[in-house]
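Raw final.txt, compact mmCIF, C-alpha atoms and all ligand atoms:
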```
# COMPACT_ATOMS: atom_id res chain seq x y z
CA MET G 22 0.00 0.00 0.00
CA SER G 23 1.55 3.29 -1.05
CA SER G 24 0.50 5.17 2.08
CA SER G 25 2.92 3.08 4.15
CA ASN G 26 5.62 5.57 3.09
CA LYS G 27 3.64 8.66 3.96
CA ASN G 28 2.16 9.70 7.27
CA LEU G 29 -1.44 10.60 6.53
CA SER G 30 -1.53 13.22 9.29
CA THR G 31 1.64 15.13 8.36
CA PHE G 32 1.27 18.19 6.14
CA GLU G 33 4.65 19.88 6.43
CA GLY G 34 5.57 21.97 3.43
CA THR G 35 1.99 22.36 2.28
CA LYS G 36 -0.17 25.42 2.80
CA ILE G 37 -3.62 24.73 4.19
CA PRO G 38 -6.14 27.52 3.57
CA ASP G 39 -8.34 28.93 6.34
CA ALA G 40 -11.52 26.85 6.54
CA SER G 41 -13.63 29.28 8.59
CA SER G 42 -15.94 30.36 5.76
CA TYR G 43 -16.85 26.88 4.54
CA LYS G 44 -19.57 24.39 5.39
CA PHE G 45 -18.58 20.72 5.42
CA GLY G 46 -20.44 17.44 5.23
CA VAL G 47 -18.87 14.31 6.69
CA VAL G 48 -20.44 10.97 5.79
CA TYR G 49 -19.03 7.77 7.21
CA ALA G 50 -19.86 4.07 7.00
CA GLU G 51 -20.95 1.93 9.97
CA TRP G 52 -19.10 -1.13 8.63
CA ASN G 53 -15.73 -1.58 10.40
CA HIS G 54 -16.92 0.95 12.94
CA GLU G 55 -13.77 1.06 15.08
CA VAL G 56 -11.86 2.21 12.03
CA THR G 57 -14.45 4.54 10.50
CA ASN G 58 -15.20 6.20 13.82
CA ALA G 59 -11.50 7.04 14.15
CA LEU G 60 -11.49 8.40 10.59
CA LYS G 61 -14.52 10.57 11.36
CA GLU G 62 -12.99 11.91 14.61
CA GLY G 63 -9.74 12.69 12.80
CA ALA G 64 -11.53 14.53 10.01
CA ILE G 65 -13.61 16.65 12.40
CA LYS G 66 -10.58 17.48 14.56
CA THR G 67 -8.57 18.53 11.51
CA LEU G 68 -11.40 20.70 10.16
CA LEU G 69 -11.70 22.46 13.52
CA GLU G 70 -7.92 22.92 13.80
CA ASN G 71 -7.96 24.68 10.45
CA GLY G 72 -10.68 27.14 11.37
CA ALA G 73 -13.94 25.38 10.48
CA LYS G 74 -16.82 26.21 12.81
CA LYS G 75 -18.43 23.35 14.70
CA GLU G 76 -21.89 24.39 13.54
CA ASN G 77 -20.68 24.22 9.94
CA ILE G 78 -19.77 20.53 10.11
CA ILE G 79 -22.71 18.22 9.38
CA VAL G 80 -22.02 14.57 10.19
CA LYS G 81 -24.11 11.66 8.89
CA GLU G 82 -23.72 7.87 9.07
CA VAL G 83 -24.59 5.33 6.37
CA PRO G 84 -24.68 1.50 6.71
CA GLY G 85 -21.70 0.61 4.49
CA SER G 86 -19.21 2.13 2.08
CA PHE G 87 -21.48 1.28 -0.81
CA GLU G 88 -23.98 3.80 0.59
CA LEU G 89 -21.42 6.64 0.88
CA THR G 90 -22.29 7.96 -2.56
CA LEU G 91 -25.96 8.47 -1.84
CA GLY G 92 -25.28 9.74 1.68
CA ALA G 93 -22.92 12.32 0.19
CA GLN G 94 -25.50 13.29 -2.41
CA TYR G 95 -28.11 13.82 0.34
CA LEU G 96 -25.67 16.15 2.11
CA ALA G 97 -25.14 18.16 -1.08
CA GLU G 98 -28.87 18.31 -1.84
CA TYR G 99 -30.33 18.90 1.61
CA SER G 100 -27.59 20.55 3.70
CA ASN G 101 -26.05 22.92 1.16
CA VAL G 102 -22.49 22.01 2.11
CA ASP G 103 -19.44 23.30 0.21
CA ALA G 104 -17.61 19.96 0.34
CA VAL G 105 -18.30 16.41 1.50
CA ILE G 106 -15.75 14.10 3.12
CA CYS G 107 -16.63 10.44 2.52
CA LEU G 108 -15.11 7.97 4.98
CA GLY G 109 -15.21 4.20 4.88
CA CYS G 110 -13.14 1.07 5.23
CA VAL G 111 -13.50 -1.92 2.92
CA ILE G 112 -11.36 -4.84 4.03
CA GLN G 113 -10.24 -7.37 1.46
CA GLY G 114 -12.19 -10.57 1.95
CA GLU G 115 -12.44 -13.94 0.30
CA THR G 116 -15.12 -12.90 -2.17
CA ARG G 117 -15.33 -10.34 -4.95
CA HIS G 118 -17.56 -8.17 -2.79
CA PHE G 119 -14.48 -6.02 -2.06
CA ASP G 120 -13.95 -5.18 -5.73
CA PHE G 121 -17.60 -4.39 -6.36
CA ILE G 122 -17.88 -2.06 -3.37
CA CYS G 123 -14.56 -0.30 -4.01
CA ASP G 124 -15.28 0.21 -7.71
CA ALA G 125 -18.80 1.45 -7.04
CA VAL G 126 -17.88 3.94 -4.34
CA ALA G 127 -14.84 5.27 -6.22
CA GLN G 128 -16.91 5.81 -9.35
CA GLY G 129 -19.87 7.17 -7.40
CA ILE G 130 -17.79 9.76 -5.57
CA THR G 131 -16.00 10.75 -8.78
CA ASN G 132 -19.37 11.37 -10.43
CA LEU G 133 -20.56 13.56 -7.54
CA ASN G 134 -17.53 15.86 -7.92
CA ILE G 135 -18.54 16.51 -11.50
CA LYS G 136 -22.30 16.62 -10.96
CA TYR G 137 -22.14 19.26 -8.20
CA ASN G 138 -18.89 21.08 -9.06
CA LYS G 139 -17.93 20.63 -5.41
CA PRO G 140 -15.23 18.57 -3.72
CA PHE G 141 -16.36 15.11 -2.61
CA ILE G 142 -13.34 13.51 -0.99
CA PHE G 143 -12.52 9.81 -1.25
CA GLY G 144 -11.53 8.91 2.31
CA VAL G 145 -12.03 5.19 1.95
CA LEU G 146 -9.40 2.76 3.21
CA THR G 147 -9.02 -0.44 1.18
CA PRO G 148 -6.60 -2.52 3.27
CA ASP G 149 -5.86 -6.24 3.23
CA ASN G 150 -6.67 -6.63 6.92
CA GLN G 151 -7.86 -4.93 10.09
CA GLN G 152 -4.34 -4.10 11.31
CA GLN G 153 -3.50 -2.20 8.12
CA ALA G 154 -6.74 -0.30 8.57
CA LEU G 155 -5.99 0.62 12.20
CA ASP G 156 -2.48 1.72 11.18
CA ARG G 157 -4.17 4.32 8.94
CA ALA G 158 -6.94 5.32 11.34
CA GLY G 159 -4.83 7.07 13.95
CA GLY G 160 -2.10 4.40 14.10
CA LYS G 161 1.49 4.34 12.93
CA HIS G 162 0.70 5.73 9.46
CA GLY G 163 -1.48 8.57 10.72
CA ASN G 164 -5.15 9.05 10.00
CA LYS G 165 -6.79 8.97 6.57
CA GLY G 166 -9.55 11.17 8.03
CA ASP G 167 -7.02 13.97 8.63
CA GLU G 168 -5.77 13.66 5.06
CA ALA G 169 -9.32 13.72 3.68
CA ALA G 170 -10.17 16.86 5.69
CA VAL G 171 -7.07 18.69 4.50
CA THR G 172 -7.83 17.66 0.92
CA ALA G 173 -11.35 19.09 1.22
CA ILE G 174 -10.02 22.40 2.56
CA LYS G 175 -7.36 22.62 -0.14
CA MET G 176 -9.88 21.97 -2.91
CA LEU G 177 -12.19 24.66 -1.52
CA GLY G 178 -9.21 27.03 -1.39
CA LEU G 179 -8.51 26.21 -5.02
CA LYS G 180 -12.12 26.90 -5.96
CA THR G 181 -12.08 30.20 -4.07
CA SER G 182 -8.89 31.23 -5.87
CA PHE G 183 -10.71 30.93 -9.20
CA LYS G 184 -13.63 32.86 -7.77
CA SER G 185 -11.46 35.80 -6.75
CA GLU G 186 -9.54 35.79 -10.05
CA SER G 187 -12.62 35.44 -12.25
CA LYS G 188 -13.79 38.55 -14.06
CA LEU G 189 -16.70 36.71 -15.65
CA GLY G 190 -18.66 35.91 -12.49
CA PHE G 191 -18.91 32.65 -10.63
CA SER G 192 -22.32 31.11 -10.40
CA LYS G 193 -21.82 27.92 -8.39
C1 LIG E 201 -21.38 -6.33 2.55
C2 LIG E 201 -20.14 -5.63 2.94
C3 LIG E 201 -18.93 -6.32 3.08
C4 LIG E 201 -18.80 -7.78 2.81
N1 LIG E 201 -17.81 -5.71 3.47
C5 LIG E 201 -17.85 -4.37 3.72
C6 LIG E 201 -16.68 -3.68 4.13
O1 LIG E 201 -15.60 -4.25 4.33
N2 LIG E 201 -16.78 -2.34 4.32
C7 LIG E 201 -17.94 -1.64 4.14
O2 LIG E 201 -17.95 -0.41 4.32
N3 LIG E 201 -19.07 -2.28 3.77
C8 LIG E 201 -19.06 -3.61 3.57
N4 LIG E 201 -20.19 -4.26 3.19
C9 LIG E 201 -21.46 -3.51 3.16
C10 LIG E 201 -21.71 -2.74 1.85
O3 LIG E 201 -20.94 -1.56 1.78
C11 LIG E 201 -23.21 -2.35 1.75
O4 LIG E 201 -23.58 -1.68 2.93
C12 LIG E 201 -24.13 -3.56 1.55
O5 LIG E 201 -23.71 -4.30 0.44
C13 LIG E 201 -25.59 -3.11 1.37
O6 LIG E 201 -25.72 -2.30 0.20
```

Will you turn the file into structure tokens for me?
Ligand code: DLZ
Amino acid sequence: MSSSNKNLSTFEGTKIPDASSYKFGVVYAEWNHEVTNALKEGAIKTLLENGAKKENIIVKEVPGSFELTLGAQYLAEYSNVDAVICLGCVIQGETRHFDFICDAVAQGITNLNIKYNKPFIFGVLTPDNQQQALDRAGGKHGNKGDEAAVTAIKMLGLKTSFKSESKLGFSK
């Protein structure tokens, strides 16, 4: 797994914009709850540390990673968030279920980015086993939730940079 060389909670050398003006959705899967709960806590903590207001972080739970796409769409439709952080953990099993879920959620989240012109962040761990997952949910490789939160903030900063440069107006 490539993230074994990178700590997911270390952002030295990168500039993280101020998140105080943005509204965030966080959707996380119940499956592998020990892991996904740690991802969720990491994401919220990182958003707050970078200026997000508690009242501007809307958190929702879905049954499994397969449901992250629709949960994220609900957040975009009904909560008017600027970005959605999608958190899940699909552990490699003995059946092809793993491939179907991973492919579906990756494609689903990709489509939402384009459909809404907003950042929908893929914070889904796809490890071989529980230990690899825990290592990336606040363990020795950091927390994928932290990384997902920083990615959301950076993408919103990028969008805002176009907004301030644009002379043609910016409708969405
Ligand atoms: C069914 C299933 C399996 C086998 N494994 C996982 C998993 O490792 N991680 C996860 O988030 N969800 C899993 N699921 C549940 C599916 O994501 C989904 O909730 C069900 O297939 C119902 O649509």

Tell me which protein, DNA and RNA residues are within 8 Å of Asn58 in chain G, counting only C-alpha atoms, leaving out same-chain ones fewer than 4 positions away, and put them as a list in words.
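Skipping anything fewer than 4 positions along the chain leaves Tyr49, His54 and Glu62 of chain G.
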
Mind writing the picked residues with C-alpha atoms as a PDB file, in the coordinates of the input?
```pdb
ATOM      1  CA  TYR G  49     -19.030   7.770   7.210  1.00  0.00           C
ATOM      2  CA  HIS G  54     -16.920   0.950  12.940  1.00  0.00           C
ATOM      3  CA  GLU G  62     -12.990  11.910  14.610  1.00  0.00           C
TER       4      GLU G  62
END
```

Can you work out which one of G:Leu29, G:Ile79, G:Ala104, G:Ala93 has the shortest atom-to-atom distance to Met176 in chain G, counting all atoms listed in the file?
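Of all the options, G:Ala104 lies closest to Met176 in chain G.
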
Interatomic distance between CA of Gly166 in chain G and atom C3 of ligand LIG 201 (chain E)?
20.5 Å

Close residues to ligand LIG 201 (chain E) using all atoms listed in the file, limit 8 Å, as a list in words
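Residues lying within 8 Å of ligand LIG 201 (chain E): Ala50, Glu51, Trp52, Asn53, Val83, Pro84, Gly85, Ser86, Phe87, Glu88, Gly109, Cys110, Val111, Ile112, Gln113, Gly114, His118, Phe119 and Ile122 of chain G.
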
Just how far from CA of Ala170 in chain G is CA of Glu82 in chain G, in Å to one decimal?
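Separation between CA of Glu82 in chain G and CA of Ala170 in chain G: 16.6 Å.
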
Reconstruct all heavy atoms of range 57-68 of chain G from the incomplete input and present them as a short mmCIF file (atom, residue, chain, number, x, y, z; two decimals), keeping the file's coordinate frame.
```
data_model
loop_
_atom_site.label_atom_id
_atom_site.label_comp_id
_atom_site.auth_asym_id
_atom_site.auth_seq_id
_atom_site.Cartn_x
_atom_site.Cartn_y
_atom_site.Cartn_z
N THR G 57 -13.79 3.37 11.11
CA THR G 57 -14.45 4.54 10.50
C THR G 57 -14.75 5.62 11.53
O THR G 57 -14.74 6.80 11.21
CB THR G 57 -15.74 4.14 9.75
OG1 THR G 57 -16.65 3.53 10.67
CG2 THR G 57 -15.43 3.18 8.62
N ASN G 58 -15.00 5.20 12.77
CA ASN G 58 -15.20 6.20 13.82
C ASN G 58 -13.92 7.01 14.04
O ASN G 58 -13.96 8.23 14.20
CB ASN G 58 -15.64 5.52 15.12
CG ASN G 58 -16.09 6.53 16.14
OD1 ASN G 58 -16.98 7.34 15.88
ND2 ASN G 58 -15.46 6.53 17.31
N ALA G 59 -12.78 6.34 14.00
CA ALA G 59 -11.50 7.04 14.15
C ALA G 59 -11.24 7.96 12.96
O ALA G 59 -10.71 9.08 13.12
CB ALA G 59 -10.37 6.03 14.30
N LEU G 60 -11.64 7.53 11.77
CA LEU G 60 -11.49 8.40 10.59
C LEU G 60 -12.35 9.65 10.75
O LEU G 60 -11.90 10.77 10.48
CB LEU G 60 -11.91 7.66 9.31
CG LEU G 60 -11.14 6.40 8.92
CD1 LEU G 60 -11.72 5.81 7.63
CD2 LEU G 60 -9.65 6.68 8.73
N LYS G 61 -13.59 9.44 11.17
CA LYS G 61 -14.52 10.57 11.36
C LYS G 61 -13.97 11.55 12.40
O LYS G 61 -13.95 12.76 12.19
CB LYS G 61 -15.87 10.03 11.81
CG LYS G 61 -16.88 11.11 12.16
CD LYS G 61 -18.01 10.59 13.01
CE LYS G 61 -17.54 10.11 14.36
NZ LYS G 61 -18.58 9.87 15.35
N GLU G 62 -13.52 11.02 13.55
CA GLU G 62 -12.99 11.91 14.61
C GLU G 62 -11.78 12.69 14.11
O GLU G 62 -11.62 13.87 14.40
CB GLU G 62 -12.63 11.09 15.85
CG GLU G 62 -13.84 10.47 16.56
CD GLU G 62 -14.86 11.50 17.04
OE1 GLU G 62 -14.45 12.58 17.48
OE2 GLU G 62 -16.07 11.22 16.95
N GLY G 63 -10.92 12.01 13.36
CA GLY G 63 -9.74 12.69 12.80
C GLY G 63 -10.13 13.79 11.84
O GLY G 63 -9.57 14.91 11.89
N ALA G 64 -11.10 13.52 11.00
CA ALA G 64 -11.53 14.53 10.01
C ALA G 64 -12.11 15.74 10.72
O ALA G 64 -11.76 16.89 10.39
CB ALA G 64 -12.56 13.92 9.06
N ILE G 65 -12.97 15.52 11.70
CA ILE G 65 -13.61 16.65 12.40
C ILE G 65 -12.54 17.48 13.13
O ILE G 65 -12.52 18.71 13.05
CB ILE G 65 -14.68 16.14 13.38
CG1 ILE G 65 -15.85 15.51 12.61
CG2 ILE G 65 -15.18 17.26 14.29
CD1 ILE G 65 -16.84 14.75 13.48
N LYS G 66 -11.64 16.79 13.83
CA LYS G 66 -10.58 17.48 14.56
C LYS G 66 -9.74 18.35 13.61
O LYS G 66 -9.43 19.50 13.90
CB LYS G 66 -9.71 16.43 15.27
CG LYS G 66 -8.59 16.98 16.12
CD LYS G 66 -7.98 15.85 16.95
CE LYS G 66 -6.60 16.19 17.46
NZ LYS G 66 -5.54 16.16 16.44
N THR G 67 -9.41 17.79 12.47
CA THR G 67 -8.57 18.53 11.51
C THR G 67 -9.33 19.72 10.93
O THR G 67 -8.74 20.80 10.75
CB THR G 67 -8.11 17.57 10.40
OG1 THR G 67 -7.35 16.52 11.01
CG2 THR G 67 -7.23 18.27 9.37
N LEU G 68 -10.61 19.56 10.65
CA LEU G 68 -11.40 20.70 10.16
C LEU G 68 -11.40 21.82 11.19
O LEU G 68 -11.17 22.99 10.87
CB LEU G 68 -12.84 20.26 9.85
CG LEU G 68 -13.04 19.32 8.66
CD1 LEU G 68 -14.50 18.88 8.58
CD2 LEU G 68 -12.60 19.98 7.36
#
```
